[in-house]
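Novice: I have a structure here, written as structure tokens, and I will follow up with some questions on it.
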Amino acid sequence: SDVGIGTNADRIRRALDPAAANRDGRSKGRVGLLIAKWLTELHGGKLVFESAKDLGNTASAHLPR
């Protein structure tokens, strides 16, 4: 988690969409979150990314036992 400026739901959706990086040409900075999502899903888990404007972001990986 961080205490940055946060982001909106549309930007979160685009950051977790592999095709979005190719459409807008701004993949830098999004690749790490996308890789974390893929690795979590490969292990049967789910990546949850939450954000609140002016409060920051929180990413959590929920993995099965």
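All residue names refer to the structure tokens as shown: chains lettered A, B, ... in order, residues numbered from 1 in each chain, ligands numbered from 1 in order.
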Any idea what's packed within 12 Å of Ile12 of chain A, counting only C-alpha atoms, ignoring anything in its chain fewer than 2 positions away? Could you give it as a list in words?

Specialist: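 So, after excluding close chain neighbours, the residues are Gly6, Thr7, Asn8, Ala9, Asp10, Arg14, Ala15, Leu16, Asp17, Pro18, Ala20, Arg30, Leu33, Leu34, Leu47, Val48, Phe49, Glu50, Ser51, Ala52, Asn57, Thr58 and Ala59 of chain A.
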
Novice: Could you go through chain A and tell me which residues DSSP, when run on the backbone, assigns to alpha helix (DSSP H), listing them as an NGL selection string?

Specialist: :A and (9-15 or 18-24 or 31-42)

Novice: Restricting the output to N, CA, C and O atoms, write the selected residues as a short mmCIF file (atom, residue, chain, number, x, y, z; two decimals), in the first residue's frame.

Specialist:
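Contents of out-v5.cif, freshly written:
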data_model
loop_
_atom_site.label_atom_id
_atom_site.label_comp_id
_atom_site.auth_asym_id
_atom_site.auth_seq_id
_atom_site.Cartn_x
_atom_site.Cartn_y
_atom_site.Cartn_z
N ALA A 9 -11.43 4.22 -10.65
CA ALA A 9 -11.74 2.84 -11.04
C ALA A 9 -11.39 2.56 -12.49
O ALA A 9 -10.94 1.46 -12.83
N ASP A 10 -11.56 3.53 -13.38
CA ASP A 10 -11.25 3.32 -14.79
C ASP A 10 -9.76 3.08 -15.00
O ASP A 10 -9.36 2.21 -15.77
N ARG A 11 -8.93 3.81 -14.30
CA ARG A 11 -7.47 3.63 -14.43
C ARG A 11 -7.04 2.29 -13.85
O ARG A 11 -6.13 1.66 -14.36
N ILE A 12 -7.69 1.84 -12.79
CA ILE A 12 -7.39 0.52 -12.23
C ILE A 12 -7.75 -0.56 -13.25
O ILE A 12 -6.96 -1.47 -13.52
N ARG A 13 -8.92 -0.44 -13.84
CA ARG A 13 -9.37 -1.41 -14.84
C ARG A 13 -8.37 -1.47 -16.01
O ARG A 13 -7.98 -2.54 -16.44
N ARG A 14 -7.93 -0.30 -16.49
CA ARG A 14 -6.96 -0.27 -17.60
C ARG A 14 -5.62 -0.85 -17.19
O ARG A 14 -4.97 -1.51 -17.98
N ALA A 15 -5.20 -0.61 -15.95
CA ALA A 15 -3.91 -1.13 -15.49
C ALA A 15 -3.91 -2.64 -15.42
O ALA A 15 -2.86 -3.28 -15.57
N PRO A 18 -4.43 -6.30 -20.11
CA PRO A 18 -3.22 -6.37 -20.94
C PRO A 18 -3.36 -5.67 -22.28
O PRO A 18 -2.38 -5.15 -22.81
N ALA A 19 -4.55 -5.60 -22.84
CA ALA A 19 -4.74 -4.94 -24.12
C ALA A 19 -4.71 -3.42 -24.00
O ALA A 19 -4.38 -2.73 -24.95
N ALA A 20 -5.03 -2.90 -22.85
CA ALA A 20 -5.09 -1.45 -22.67
C ALA A 20 -3.73 -0.79 -22.86
O ALA A 20 -3.63 0.29 -23.42
N ALA A 21 -2.68 -1.45 -22.42
CA ALA A 21 -1.34 -0.88 -22.56
C ALA A 21 -0.99 -0.72 -24.02
O ALA A 21 -0.35 0.26 -24.41
N ASN A 22 -1.41 -1.64 -24.86
CA ASN A 22 -1.13 -1.54 -26.29
C ASN A 22 -1.97 -0.46 -26.96
O ASN A 22 -1.53 0.18 -27.89
N ARG A 23 -3.19 -0.25 -26.48
CA ARG A 23 -4.07 0.75 -27.09
C ARG A 23 -3.61 2.17 -26.84
O ARG A 23 -3.64 3.00 -27.72
N ASP A 24 -3.19 2.45 -25.59
CA ASP A 24 -2.85 3.84 -25.30
C ASP A 24 -1.34 4.11 -25.32
O ASP A 24 -0.93 5.24 -25.16
N VAL A 31 3.03 -2.60 -16.03
CA VAL A 31 3.46 -3.98 -16.25
C VAL A 31 3.61 -4.73 -14.94
O VAL A 31 3.19 -5.88 -14.83
N GLY A 32 4.15 -4.12 -13.93
CA GLY A 32 4.36 -4.79 -12.65
C GLY A 32 3.06 -5.25 -12.01
O GLY A 32 2.95 -6.37 -11.51
N LEU A 33 2.05 -4.43 -12.06
CA LEU A 33 0.74 -4.78 -11.50
C LEU A 33 0.11 -5.91 -12.29
O LEU A 33 -0.46 -6.85 -11.73
N LEU A 34 0.26 -5.88 -13.61
CA LEU A 34 -0.28 -6.92 -14.46
C LEU A 34 0.43 -8.26 -14.22
O LEU A 34 -0.21 -9.30 -14.12
N ILE A 35 1.74 -8.23 -14.06
CA ILE A 35 2.49 -9.45 -13.76
C ILE A 35 2.07 -10.01 -12.41
O ILE A 35 1.89 -11.21 -12.25
N ALA A 36 1.89 -9.15 -11.43
CA ALA A 36 1.43 -9.60 -10.10
C ALA A 36 0.07 -10.27 -10.21
O ALA A 36 -0.19 -11.31 -9.59
N LYS A 37 -0.82 -9.72 -11.03
CA LYS A 37 -2.15 -10.29 -11.24
C LYS A 37 -2.02 -11.68 -11.86
O LYS A 37 -2.64 -12.64 -11.41
N TRP A 38 -1.23 -11.80 -12.91
CA TRP A 38 -1.07 -13.09 -13.59
C TRP A 38 -0.46 -14.15 -12.67
O TRP A 38 -0.93 -15.28 -12.62
N LEU A 39 0.57 -13.78 -11.93
CA LEU A 39 1.21 -14.75 -11.03
C LEU A 39 0.25 -15.20 -9.94
O LEU A 39 0.19 -16.38 -9.58
N THR A 40 -0.52 -14.27 -9.41
CA THR A 40 -1.50 -14.61 -8.38
C THR A 40 -2.54 -15.57 -8.93
O THR A 40 -2.88 -16.58 -8.32
N GLU A 41 -3.05 -15.27 -10.14
CA GLU A 41 -4.05 -16.13 -10.75
C GLU A 41 -3.50 -17.50 -11.12
O GLU A 41 -4.20 -18.50 -11.03
N LEU A 42 -2.23 -17.57 -11.54
CA LEU A 42 -1.61 -18.86 -11.84
C LEU A 42 -1.58 -19.77 -10.62
O LEU A 42 -1.59 -21.00 -10.75
#

Novice: Which residues in chain A does DSSP call strand (DSSP E)? List them as a PyMOL selection string.

Specialist: chain A and resi 46-52+56-62
